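Visitor: The following file, query_37.csv, comprises CSV, C-alpha atoms and all ligand atoms:
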chain,number,residue,atom,x,y,z
A,1,MET,CA,139.2,109.8,184.8
A,2,THR,CA,135.8,108.1,184.2
A,3,ARG,CA,135.8,104.4,185.2
A,4,SER,CA,134.2,101.8,183.0
A,5,ALA,CA,130.8,100.4,183.9
A,6,GLU,CA,132.5,97.0,184.4
A,7,HIS,CA,135.0,98.4,186.8
A,8,VAL,CA,132.3,100.2,188.9
A,9,VAL,CA,130.2,97.0,189.0
A,10,SER,CA,133.1,94.7,190.0
A,11,GLU,CA,134.3,97.1,192.7
A,12,TYR,CA,130.7,97.2,194.1
A,13,ASN,CA,130.2,93.4,194.0
A,14,ASP,CA,133.6,93.0,195.8
A,15,LYS,CA,132.4,94.9,198.9
A,16,ASP,CA,131.5,92.7,201.9
A,17,GLU,CA,128.4,94.5,203.0
A,18,VAL,CA,126.4,94.6,199.7
A,19,GLY,CA,122.7,93.6,199.9
A,20,MET,CA,122.1,94.3,196.3
A,21,LYS,CA,123.7,92.2,193.6
A,22,ILE,CA,124.7,93.8,190.2
A,23,VAL,CA,124.9,91.6,187.1
A,24,SER,CA,125.4,92.4,183.4
A,25,ARG,CA,124.8,88.9,181.9
A,26,ILE,CA,121.5,87.4,181.1
A,27,ASP,CA,122.5,84.0,182.6
A,28,ASP,CA,123.3,85.7,185.9
A,29,VAL,CA,119.9,87.3,186.0
A,30,ARG,CA,118.2,84.0,185.4
A,31,SER,CA,120.1,82.2,188.1
A,32,ALA,CA,119.5,84.9,190.7
A,33,VAL,CA,115.8,85.0,189.9
A,34,MET,CA,115.6,81.2,190.0
A,35,GLN,CA,117.2,81.2,193.4
A,36,ALA,CA,114.7,83.9,194.7
A,37,ARG,CA,111.8,81.9,193.3
A,38,GLY,CA,113.2,78.8,195.0
A,39,GLU,CA,113.0,80.7,198.3
A,40,GLY,CA,109.3,81.3,197.6
A,41,LYS,CA,109.7,84.9,196.6
A,42,LYS,CA,107.5,86.8,194.1
A,43,ILE,CA,109.5,88.8,191.6
A,44,GLY,CA,108.9,92.5,191.0
A,45,PHE,CA,110.5,94.3,188.0
A,46,ILE,CA,111.3,98.0,187.3
A,47,PRO,CA,112.8,98.6,183.9
A,48,THR,CA,114.7,102.0,183.6
A,49,MET,CA,117.2,103.8,181.5
A,50,GLY,CA,119.0,104.9,184.7
A,51,TYR,CA,120.0,108.4,185.9
A,52,LEU,CA,117.6,107.6,188.7
A,53,HIS,CA,115.4,110.0,190.5
A,54,ASP,CA,112.6,109.7,193.0
A,55,GLY,CA,110.1,108.8,190.3
A,56,HIS,CA,112.0,105.6,189.6
A,57,LEU,CA,112.4,104.9,193.3
A,58,SER,CA,108.7,105.2,193.8
A,59,LEU,CA,108.2,102.3,191.4
A,60,VAL,CA,110.4,100.2,193.5
A,61,GLU,CA,108.5,101.2,196.6
A,62,ILE,CA,105.2,100.1,195.0
A,63,SER,CA,106.7,96.8,193.8
A,64,ARG,CA,108.1,96.1,197.3
A,65,GLY,CA,104.6,96.4,198.7
A,66,ILE,CA,103.5,93.4,196.6
A,67,THR,CA,106.6,91.3,195.8
A,68,GLN,CA,109.6,90.1,197.8
A,69,PHE,CA,112.5,90.3,195.3
A,70,GLN,CA,113.1,93.5,193.3
A,71,VAL,CA,114.9,93.4,189.9
A,72,MET,CA,115.7,96.8,188.3
A,73,SER,CA,117.3,97.1,184.9
A,74,ILE,CA,119.4,100.0,183.8
A,75,PHE,CA,119.8,100.0,180.0
A,76,VAL,CA,119.8,103.0,177.7
A,77,ASN,CA,118.1,101.3,174.8
A,78,ARG,CA,119.5,102.6,171.5
A,79,LEU,CA,116.6,101.0,169.6
A,80,GLN,CA,114.0,103.4,171.1
A,81,PHE,CA,115.9,106.6,170.2
A,82,ASN,CA,114.8,108.2,167.0
A,83,ASP,CA,117.5,110.8,167.4
A,84,SER,CA,121.1,109.6,167.7
A,85,SER,CA,122.4,112.7,169.5
A,86,ASP,CA,119.6,112.2,172.1
A,87,PHE,CA,120.9,108.7,172.6
A,88,THR,CA,124.5,109.8,172.9
A,89,ASN,CA,123.7,112.6,175.3
A,90,TYR,CA,121.3,110.6,177.5
A,91,PRO,CA,122.5,111.3,181.1
A,92,LYS,CA,124.4,108.5,182.8
A,93,ASP,CA,125.9,108.1,186.3
A,94,LEU,CA,126.1,104.4,187.2
A,95,GLU,CA,127.8,104.9,190.5
A,96,ARG,CA,125.1,107.2,191.7
A,97,ASP,CA,122.4,104.9,190.4
A,98,ILE,CA,124.0,101.9,192.2
A,99,ALA,CA,123.9,103.9,195.5
A,100,MET,CA,120.3,104.9,195.0
A,101,ALA,CA,119.0,101.5,193.9
A,102,GLY,CA,120.8,99.8,196.8
A,103,LYS,CA,119.3,102.2,199.3
A,104,CYS,CA,115.7,101.8,198.1
A,105,GLY,CA,115.6,98.0,198.3
A,106,VAL,CA,116.5,96.7,194.9
A,107,ASP,CA,117.8,93.1,195.2
A,108,LEU,CA,119.2,92.6,191.7
A,109,LEU,CA,120.4,95.4,189.4
A,110,PHE,CA,120.7,94.3,185.8
A,111,THR,CA,123.1,96.5,183.7
A,112,PRO,CA,123.6,94.8,180.4
A,113,ASP,CA,125.5,96.4,177.5
A,114,ASP,CA,124.3,96.7,173.9
A,115,ARG,CA,125.9,93.4,172.8
A,116,GLU,CA,124.4,91.4,175.6
A,117,MET,CA,120.9,92.6,174.6
A,118,TYR,CA,121.1,92.8,170.9
A,119,LYS,CA,123.9,90.6,169.5
A,120,ASN,CA,122.8,89.7,166.0
A,121,ALA,CA,119.1,90.4,166.8
A,122,LEU,CA,116.7,90.5,163.9
A,123,THR,CA,113.4,90.5,165.7
A,124,THR,CA,111.2,93.4,166.8
A,125,VAL,CA,107.9,93.8,168.6
A,126,ASP,CA,105.2,96.4,167.8
A,127,VAL,CA,101.8,97.3,168.9
A,128,SER,CA,99.6,99.1,166.4
A,129,ARG,CA,96.9,101.8,166.8
A,130,LEU,CA,97.7,102.7,170.4
A,131,THR,CA,100.9,104.1,169.1
A,132,ASP,CA,99.4,106.1,166.3
A,133,ASN,CA,99.0,109.4,168.3
A,134,LEU,CA,100.9,111.4,170.8
A,135,CYS,CA,104.6,110.4,171.1
A,136,GLY,CA,104.1,107.6,168.5
A,137,ALA,CA,103.2,110.3,165.9
A,138,HIS,CA,106.3,112.4,166.7
A,139,ARG,CA,109.0,109.7,167.4
A,140,PRO,CA,109.1,107.3,164.5
A,141,GLY,CA,110.3,103.8,165.6
A,142,HIS,CA,110.4,104.8,169.3
A,143,PHE,CA,107.7,102.5,170.6
A,144,LYS,CA,108.9,99.5,168.5
A,145,GLY,CA,112.2,99.9,170.3
A,146,VAL,CA,110.4,100.1,173.7
A,147,PHE,CA,108.3,97.0,173.1
A,148,THR,CA,111.2,95.0,171.8
A,149,VAL,CA,113.4,95.8,174.8
A,150,VAL,CA,110.6,95.3,177.3
A,151,SER,CA,109.6,91.9,175.7
A,152,LYS,CA,113.2,90.8,175.9
A,153,LEU,CA,113.5,92.0,179.5
A,154,PHE,CA,110.3,90.2,180.5
A,155,ASN,CA,111.7,87.0,179.0
A,156,ILE,CA,115.0,87.5,180.7
A,157,VAL,CA,113.6,88.4,184.2
A,158,GLN,CA,110.3,86.5,184.0
A,159,PRO,CA,108.8,88.8,186.7
A,160,ASP,CA,105.4,88.3,188.4
A,161,LEU,CA,104.8,92.0,188.3
A,162,ALA,CA,106.3,95.0,186.5
A,163,VAL,CA,105.7,98.7,187.4
A,164,PHE,CA,105.5,101.5,184.8
A,165,GLY,CA,104.9,105.2,185.4
A,166,GLN,CA,101.9,107.2,184.3
A,167,LYS,CA,104.5,109.8,183.3
A,168,ASP,CA,104.9,107.7,180.1
A,169,ILE,CA,101.2,106.9,179.8
A,170,GLN,CA,101.2,105.8,176.1
A,171,GLN,CA,104.1,103.5,176.9
A,172,ALA,CA,102.3,102.0,179.9
A,173,ALA,CA,99.0,101.6,178.1
A,174,SER,CA,100.6,99.9,175.0
A,175,ILE,CA,102.7,97.6,177.2
A,176,GLU,CA,99.6,96.5,179.0
A,177,LYS,CA,98.1,95.7,175.6
A,178,MET,CA,101.2,93.9,174.4
A,179,VAL,CA,101.2,91.8,177.6
A,180,PHE,CA,97.6,90.8,177.0
A,181,ASP,CA,98.1,90.1,173.3
A,182,LEU,CA,101.3,88.1,173.6
A,183,ASN,CA,100.3,86.3,176.8
A,184,PHE,CA,103.2,87.4,179.0
A,185,PRO,CA,102.4,86.1,182.5
A,186,VAL,CA,103.2,89.4,184.2
A,187,ARG,CA,100.9,91.8,186.0
A,188,ILE,CA,101.4,95.5,185.0
A,189,ILE,CA,101.0,98.2,187.6
A,190,LEU,CA,100.6,101.9,186.7
A,191,ALA,CA,102.4,104.2,189.2
A,192,PRO,CA,101.6,107.9,189.7
A,193,ILE,CA,103.8,110.8,188.4
A,194,ILE,CA,106.3,112.0,191.0
A,195,ARG,CA,106.9,115.7,190.7
A,196,GLU,CA,109.4,118.3,192.0
A,197,LYS,CA,108.0,120.5,194.7
A,198,ASP,CA,107.1,123.2,192.1
A,199,GLY,CA,105.2,120.7,189.9
A,200,LEU,CA,107.7,119.8,187.2
A,201,ALA,CA,107.4,116.1,186.5
A,202,MET,CA,110.7,114.3,187.5
A,203,SER,CA,112.7,113.2,184.5
A,204,SER,CA,116.3,112.1,183.8
A,205,ARG,CA,116.2,114.7,181.0
A,206,ASN,CA,115.6,117.6,183.3
A,207,LYS,CA,119.3,117.5,183.9
A,208,HIS,CA,119.8,119.0,180.4
A,209,LEU,CA,117.7,122.1,181.2
A,210,ASP,CA,119.5,125.3,182.1
A,211,GLN,CA,118.1,127.5,184.9
A,212,GLN,CA,115.8,129.6,182.6
A,213,GLN,CA,114.5,126.5,180.7
A,214,ARG,CA,113.9,124.7,184.0
A,215,ALA,CA,111.7,127.7,185.2
A,216,ASP,CA,110.0,127.9,181.8
A,217,ALA,CA,109.2,124.2,181.6
A,218,LEU,CA,106.9,124.6,184.6
A,219,ALA,CA,104.5,125.8,181.9
A,220,LEU,CA,103.6,122.1,181.3
A,221,SER,CA,102.3,121.4,184.8
A,222,SER,CA,100.8,124.9,184.9
A,223,GLY,CA,98.9,124.1,181.7
A,224,LEU,CA,97.5,120.9,183.3
A,225,LYS,CA,96.6,122.7,186.5
A,226,HIS,CA,94.7,125.3,184.5
A,227,ALA,CA,92.9,122.6,182.6
A,228,GLU,CA,91.8,121.1,185.9
A,229,GLN,CA,90.3,124.4,186.9
A,230,LEU,CA,88.5,124.6,183.6
A,231,ILE,CA,87.1,121.1,184.1
A,232,LEU,CA,86.1,122.0,187.6
A,233,GLY,CA,84.2,125.0,186.2
A,234,GLY,CA,82.3,122.6,183.9
A,235,GLU,CA,84.3,123.0,180.7
A,236,ARG,CA,84.2,119.8,178.6
A,237,ASP,CA,85.1,121.1,175.1
A,238,VAL,CA,88.5,119.8,174.0
A,239,LYS,CA,89.2,122.7,171.6
A,240,LYS,CA,88.7,125.3,174.3
A,241,ILE,CA,90.7,123.4,176.8
A,242,THR,CA,93.7,122.8,174.5
A,243,HIS,CA,93.6,126.4,173.3
A,244,GLU,CA,94.0,127.6,176.9
A,245,ILE,CA,96.7,125.1,177.7
A,246,GLU,CA,98.5,126.2,174.5
A,247,SER,CA,98.5,129.9,175.6
A,248,ILE,CA,100.0,128.9,179.0
A,249,ILE,CA,102.7,126.7,177.5
A,250,LYS,CA,103.6,129.4,175.0
A,251,LYS,CA,104.2,131.8,177.9
A,252,GLY,CA,107.0,129.4,178.9
A,253,ASN,CA,108.7,130.1,175.5
A,254,PRO,CA,109.2,126.4,174.4
A,255,ASP,CA,111.3,126.0,171.3
A,256,SER,CA,108.5,123.9,169.9
A,257,ILE,CA,105.4,122.1,171.0
A,258,ASP,CA,105.0,118.5,169.7
A,259,TYR,CA,101.4,118.1,170.9
A,260,ILE,CA,98.7,119.2,173.3
A,261,SER,CA,96.2,116.3,172.9
A,262,VAL,CA,93.2,115.0,174.6
A,263,VAL,CA,92.5,111.3,174.1
A,264,SER,CA,90.3,108.6,175.5
A,265,TYR,CA,92.0,106.6,178.3
A,266,GLU,CA,90.8,103.3,176.8
A,267,ASP,CA,92.4,103.5,173.3
A,268,LEU,CA,94.2,106.8,173.3
A,269,SER,CA,92.1,108.0,170.3
A,270,TYR,CA,91.4,111.7,170.0
A,271,ILE,CA,88.2,113.0,171.5
A,272,ASP,CA,86.2,116.2,171.1
A,273,ARG,CA,84.6,116.3,174.5
A,274,ILE,CA,85.9,115.2,177.9
A,275,ASP,CA,83.7,112.4,179.1
A,276,GLY,CA,84.3,109.3,181.1
A,277,LYS,CA,88.0,108.6,181.5
A,278,SER,CA,90.4,110.7,179.4
A,279,VAL,CA,93.9,111.9,179.2
A,280,ILE,CA,95.4,115.3,178.5
A,281,ALA,CA,98.9,114.7,177.2
A,282,LEU,CA,101.6,117.3,176.5
A,283,ALA,CA,105.0,117.3,174.8
A,284,ALA,CA,107.3,120.2,174.1
A,285,PHE,CA,110.9,121.1,173.6
A,286,TRP,CA,113.1,123.5,175.6
A,287,GLY,CA,116.3,123.7,173.7
A,288,THR,CA,117.0,120.1,172.5
A,289,THR,CA,115.3,118.7,175.6
A,290,ARG,CA,111.9,117.1,175.0
A,291,LEU,CA,109.6,117.0,178.0
A,292,ILE,CA,106.3,115.2,178.4
A,293,ASP,CA,103.6,115.5,181.0
A,294,ASN,CA,100.0,114.3,181.4
A,295,MET,CA,96.9,114.2,183.5
A,296,ILE,CA,94.2,111.5,183.7
A,297,ILE,CA,90.7,112.9,184.1
A,298,GLU,CA,87.7,110.9,185.3
A,299,VAL,CA,84.4,112.6,184.7
A,300,ALA,CA,81.0,111.2,185.7
A,301,GLY,CA,78.1,113.7,185.4
A,302,ASP,CA,79.1,116.7,187.5
A,303,SER,CA,81.8,115.0,189.5
A,304,TYR,CA,85.4,114.7,188.3
A,305,LYS,CA,88.8,113.6,189.4
A,306,CYS,CA,92.1,114.7,187.9
A,307,ILE,CA,95.2,112.6,188.5
A,308,TYR,CA,98.5,114.3,187.6
B,1,LIG,P1,113.0,105.9,182.1
B,1,LIG,O1,114.2,105.6,182.9
B,1,LIG,O2,112.8,107.3,181.8
B,1,LIG,O3,112.8,104.9,180.9
B,1,LIG,O4,111.8,105.5,183.1
B,1,LIG,C1,111.7,104.2,183.7
B,1,LIG,C2,110.3,104.1,184.4
B,1,LIG,O5,110.2,105.2,185.3
B,1,LIG,C3,109.1,104.3,183.4
B,1,LIG,O6,108.1,103.4,183.7
B,1,LIG,C4,108.7,105.7,183.6
B,1,LIG,O7,107.3,106.0,183.3
B,1,LIG,C5,108.9,105.9,185.1
B,1,LIG,N1,109.1,107.3,185.5
B,1,LIG,C6,109.8,108.2,184.9
B,1,LIG,N2,109.6,109.4,185.4
B,1,LIG,C7,108.7,109.2,186.4
B,1,LIG,C8,108.1,110.1,187.4
B,1,LIG,N3,108.4,111.4,187.4
B,1,LIG,N4,107.2,109.6,188.2
B,1,LIG,C9,107.0,108.2,188.2
B,1,LIG,N5,107.5,107.4,187.3
B,1,LIG,C10,108.4,107.9,186.5
In structure tokens, what does this structure look like?
Guide:
Amino acid sequence: MTRSAEHVVSEYNDKDEVGMKIVSRIDDVRSAVMQARGEGKKIGFIPTMGYLHDGHLSLVEISRGITQFQVMSIFVNRLQFNDSSDFTNYPKDLERDIAMAGKCGVDLLFTPDDREMYKNALTTVDVSRLTDNLCGAHRPGHFKGVFTVVSKLFNIVQPDLAVFGQKDIQQAASIEKMVFDLNFPVRIILAPIIREKDGLAMSSRNKHLDQQQRADALALSSGLKHAEQLILGGERDVKKITHEIESIIKKGNPDSIDYISVVSYEDLSYIDRIDGKSVIALAAFWGTTRLIDNMIIEVAGDSYKCIY
């Protein structure tokens, strides 16, 4: 029998030895954060949708290096799902998440439900232009849902710092812009992509891949590695690079490819030649599972650096 989230949380909070506190109410987040602030602690924040993996935990690790009180949220935000079955099937395992978050040094775990976050809500937040391309072009309404929930979470937690992964580079870049435009007093840190040993970017969605799809999906990171080799060899032409990435991804038999795009790092606009700081971003489906990956490239004259 699956136990309710409420049951799992109250059972955890009843244990004597707990170092991490779990709360589901906004008021309880506010008072725990106020107390930590009163003790002179800086607040770090890691928003997630749960089904935690080492990628999520790496964000906590980074935050712990800079701040003294770590708040993590776990909330599968229905507003950012443009596909209702994707929302319903999003992987969940609160007991496992609690154990992982507690071990990696989270002080406060916020697990609100839909009602706590959105009761009677009529307001949304959006960032234009930066969301025109890449995932923004393929997932209508997705980013509006992300910015709305992140704005709410920032107002609830009021962190000094929040960590976001390069894995969702368009999300991180647009949140940085939103923070600037709306004067949120929070510092945004971009964390590197954590990968499985064979190169697959960690993702909660990887759970949905069967064995064959899991092997095939390596085509994404292989495509990026191949692009690095091309850039090392002096190739700067975006058409040629995307063409070669496409043939590698197709060898992995994806059910469809959403995009293979090269954009400028500054404003995520499409570019023809790789120059300065740019991003190669990929999205493709294996079955109904949509996976994304990317690589940041810094080119200056003959020298280059690829971060993926
Ligand atoms: P999610 O739970 O998928 O919404 O992700 C929560 C945060 O974890 C976001 O900032 C993601 O970019 C980040 N994240 C997801 N996967 C990884 C990964 N493989 N490496 C580093 N950060 C990640």
Visitor: Which one of A:Asp293, A:Asp132, A:Glu61, A:Asp107 sits closest to A:Ile193 if you count only C-alpha atoms?
Guide: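 Closest to A:Ile193 of all the choices is A:Asp293.
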Visitor: Which residues come within 10 Å of A:Glu116, counting only C-alpha atoms, excluding same-chain residues fewer than 6 positions away, as number ranges by chain?
Guide: A: 24-26
Visitor: Hey, which of A:Gly44, A:Asp258, A:Asp272, A:Gln170 ends up closest to A:Ile188? Count all atoms listed in the file.
Guide: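 Nearest candidate to A:Ile188 out of A:Gly44, A:Asp258, A:Asp272, A:Gln170: A:Gly44.
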Visitor: Would you mind reading off the distance between atom C2 of ligand LIG 1 (chain B) and atom CA of A:Gly55, one decimal, in Å?
Guide: 7.5 Å
Visitor: Could you give me the residues within 8 Å of ligand LIG 1 (chain B), counting all atoms listed in the file, as a PyMOL selection string?
Guide: chain A and resi 46-56+58-59+74+76+163-169+171-172+191-195+201-204
Visitor: Could you make a table, as CSV, of the residues of stretch 161-270 of chain A that have an atom within 10 Å of an atom of stretch 117-128 of chain A, each with its nearest atom pair and distance in Å to one decimal, counting only C-alpha atoms, in chain and number order?
Guide:
residue,atom,partner,partner_atom,distance
A:Ser174,CA,A:Val127,CA,6.7
A:Ile175,CA,A:Val127,CA,8.4
A:Lys177,CA,A:Val127,CA,7.8
A:Met178,CA,A:Val127,CA,6.5
A:Asp181,CA,A:Val127,CA,9.2
Visitor: Could you write those residues out with C-alpha atoms, as a PDB file, keeping the file's coordinate frame?
Guide:
ATOM      1  CA  SER A 174     100.600  99.900 175.000  1.00  0.00           C
ATOM      2  CA  ILE A 175     102.700  97.600 177.200  1.00  0.00           C
ATOM      3  CA  LYS A 177      98.100  95.700 175.600  1.00  0.00           C
ATOM      4  CA  MET A 178     101.200  93.900 174.400  1.00  0.00           C
ATOM      5  CA  ASP A 181      98.100  90.100 173.300  1.00  0.00           C
TER       6      ASP A 181
END
Visitor: For stretch 82-104 of chain A, supply N, CA, C and O atoms and report the output as a PDB file, in the coordinates of the input.
Guide:
ATOM      1  N   ASN A  82     114.933 107.830 168.370  1.00  0.00           N
ATOM      2  CA  ASN A  82     114.800 108.200 167.000  1.00  0.00           C
ATOM      3  C   ASN A  82     115.825 109.272 166.593  1.00  0.00           C
ATOM      4  O   ASN A  82     115.941 109.641 165.440  1.00  0.00           O
ATOM      5  N   ASP A  83     116.554 109.748 167.632  1.00  0.00           N
ATOM      6  CA  ASP A  83     117.500 110.800 167.400  1.00  0.00           C
ATOM      7  C   ASP A  83     118.836 110.378 168.002  1.00  0.00           C
ATOM      8  O   ASP A  83     118.933 110.179 169.215  1.00  0.00           O
ATOM      9  N   SER A  84     119.872 110.207 167.157  1.00  0.00           N
ATOM     10  CA  SER A  84     121.100 109.600 167.700  1.00  0.00           C
ATOM     11  C   SER A  84     121.820 110.490 168.678  1.00  0.00           C
ATOM     12  O   SER A  84     122.450 109.996 169.608  1.00  0.00           O
ATOM     13  N   SER A  85     121.684 111.829 168.548  1.00  0.00           N
ATOM     14  CA  SER A  85     122.400 112.700 169.500  1.00  0.00           C
ATOM     15  C   SER A  85     121.639 112.616 170.873  1.00  0.00           C
ATOM     16  O   SER A  85     122.259 112.737 171.934  1.00  0.00           O
ATOM     17  N   ASP A  86     120.331 112.406 170.840  1.00  0.00           N
ATOM     18  CA  ASP A  86     119.600 112.200 172.100  1.00  0.00           C
ATOM     19  C   ASP A  86     120.077 110.967 172.803  1.00  0.00           C
ATOM     20  O   ASP A  86     120.273 110.951 174.026  1.00  0.00           O
ATOM     21  N   PHE A  87     120.359 109.922 172.031  1.00  0.00           N
ATOM     22  CA  PHE A  87     120.900 108.700 172.600  1.00  0.00           C
ATOM     23  C   PHE A  87     122.285 108.906 173.205  1.00  0.00           C
ATOM     24  O   PHE A  87     122.552 108.554 174.359  1.00  0.00           O
ATOM     25  N   THR A  88     123.155 109.542 172.421  1.00  0.00           N
ATOM     26  CA  THR A  88     124.500 109.800 172.900  1.00  0.00           C
ATOM     27  C   THR A  88     124.547 110.633 174.145  1.00  0.00           C
ATOM     28  O   THR A  88     125.352 110.414 175.043  1.00  0.00           O
ATOM     29  N   ASN A  89     123.651 111.633 174.186  1.00  0.00           N
ATOM     30  CA  ASN A  89     123.700 112.600 175.300  1.00  0.00           C
ATOM     31  C   ASN A  89     122.818 112.166 176.485  1.00  0.00           C
ATOM     32  O   ASN A  89     122.698 112.924 177.451  1.00  0.00           O
ATOM     33  N   TYR A  90     122.185 110.998 176.405  1.00  0.00           N
ATOM     34  CA  TYR A  90     121.300 110.600 177.500  1.00  0.00           C
ATOM     35  C   TYR A  90     122.117 110.559 178.797  1.00  0.00           C
ATOM     36  O   TYR A  90     123.203 109.979 178.826  1.00  0.00           O
ATOM     37  N   PRO A  91     121.621 111.200 179.892  1.00  0.00           N
ATOM     38  CA  PRO A  91     122.500 111.300 181.100  1.00  0.00           C
ATOM     39  C   PRO A  91     122.755 109.921 181.712  1.00  0.00           C
ATOM     40  O   PRO A  91     121.884 109.044 181.732  1.00  0.00           O
ATOM     41  N   LYS A  92     123.973 109.782 182.200  1.00  0.00           N
ATOM     42  CA  LYS A  92     124.400 108.500 182.800  1.00  0.00           C
ATOM     43  C   LYS A  92     125.225 108.790 184.053  1.00  0.00           C
ATOM     44  O   LYS A  92     126.059 109.687 184.049  1.00  0.00           O
ATOM     45  N   ASP A  93     124.998 108.011 185.089  1.00  0.00           N
ATOM     46  CA  ASP A  93     125.900 108.100 186.300  1.00  0.00           C
ATOM     47  C   ASP A  93     125.641 106.747 187.038  1.00  0.00           C
ATOM     48  O   ASP A  93     124.822 106.675 187.963  1.00  0.00           O
ATOM     49  N   LEU A  94     126.371 105.720 186.627  1.00  0.00           N
ATOM     50  CA  LEU A  94     126.100 104.400 187.200  1.00  0.00           C
ATOM     51  C   LEU A  94     126.430 104.316 188.667  1.00  0.00           C
ATOM     52  O   LEU A  94     125.681 103.675 189.421  1.00  0.00           O
ATOM     53  N   GLU A  95     127.488 104.999 189.110  1.00  0.00           N
ATOM     54  CA  GLU A  95     127.800 104.900 190.500  1.00  0.00           C
ATOM     55  C   GLU A  95     126.701 105.502 191.408  1.00  0.00           C
ATOM     56  O   GLU A  95     126.324 104.920 192.419  1.00  0.00           O
ATOM     57  N   ARG A  96     126.181 106.614 190.978  1.00  0.00           N
ATOM     58  CA  ARG A  96     125.100 107.200 191.700  1.00  0.00           C
ATOM     59  C   ARG A  96     123.832 106.346 191.671  1.00  0.00           C
ATOM     60  O   ARG A  96     123.149 106.144 192.656  1.00  0.00           O
ATOM     61  N   ASP A  97     123.552 105.775 190.492  1.00  0.00           N
ATOM     62  CA  ASP A  97     122.400 104.900 190.400  1.00  0.00           C
ATOM     63  C   ASP A  97     122.516 103.672 191.285  1.00  0.00           C
ATOM     64  O   ASP A  97     121.536 103.248 191.903  1.00  0.00           O
ATOM     65  N   ILE A  98     123.736 103.116 191.364  1.00  0.00           N
ATOM     66  CA  ILE A  98     124.000 101.900 192.200  1.00  0.00           C
ATOM     67  C   ILE A  98     123.646 102.291 193.662  1.00  0.00           C
ATOM     68  O   ILE A  98     122.948 101.555 194.365  1.00  0.00           O
ATOM     69  N   ALA A  99     124.147 103.442 194.093  1.00  0.00           N
ATOM     70  CA  ALA A  99     123.900 103.900 195.500  1.00  0.00           C
ATOM     71  C   ALA A  99     122.423 104.041 195.746  1.00  0.00           C
ATOM     72  O   ALA A  99     121.887 103.584 196.761  1.00  0.00           O
ATOM     73  N   MET A 100     121.722 104.675 194.812  1.00  0.00           N
ATOM     74  CA  MET A 100     120.300 104.900 195.000  1.00  0.00           C
ATOM     75  C   MET A 100     119.476 103.652 194.983  1.00  0.00           C
ATOM     76  O   MET A 100     118.589 103.437 195.805  1.00  0.00           O
ATOM     77  N   ALA A 101     119.793 102.779 194.032  1.00  0.00           N
ATOM     78  CA  ALA A 101     119.000 101.500 193.900  1.00  0.00           C
ATOM     79  C   ALA A 101     119.259 100.660 195.147  1.00  0.00           C
ATOM     80  O   ALA A 101     118.307 100.074 195.690  1.00  0.00           O
ATOM     81  N   GLY A 102     120.508 100.598 195.620  1.00  0.00           N
ATOM     82  CA  GLY A 102     120.800  99.800 196.800  1.00  0.00           C
ATOM     83  C   GLY A 102     120.048 100.267 198.018  1.00  0.00           C
ATOM     84  O   GLY A 102     119.512  99.471 198.780  1.00  0.00           O
ATOM     85  N   LYS A 103     119.957 101.589 198.158  1.00  0.00           N
ATOM     86  CA  LYS A 103     119.300 102.200 199.300  1.00  0.00           C
ATOM     87  C   LYS A 103     117.788 101.935 199.320  1.00  0.00           C
ATOM     88  O   LYS A 103     117.150 101.883 200.360  1.00  0.00           O
ATOM     89  N   CYS A 104     117.194 101.861 198.132  1.00  0.00           N
ATOM     90  CA  CYS A 104     115.700 101.800 198.100  1.00  0.00           C
ATOM     91  C   CYS A 104     115.222 100.354 198.035  1.00  0.00           C
ATOM     92  O   CYS A 104     114.029 100.138 197.848  1.00  0.00           O
TER      93      CYS A 104
END
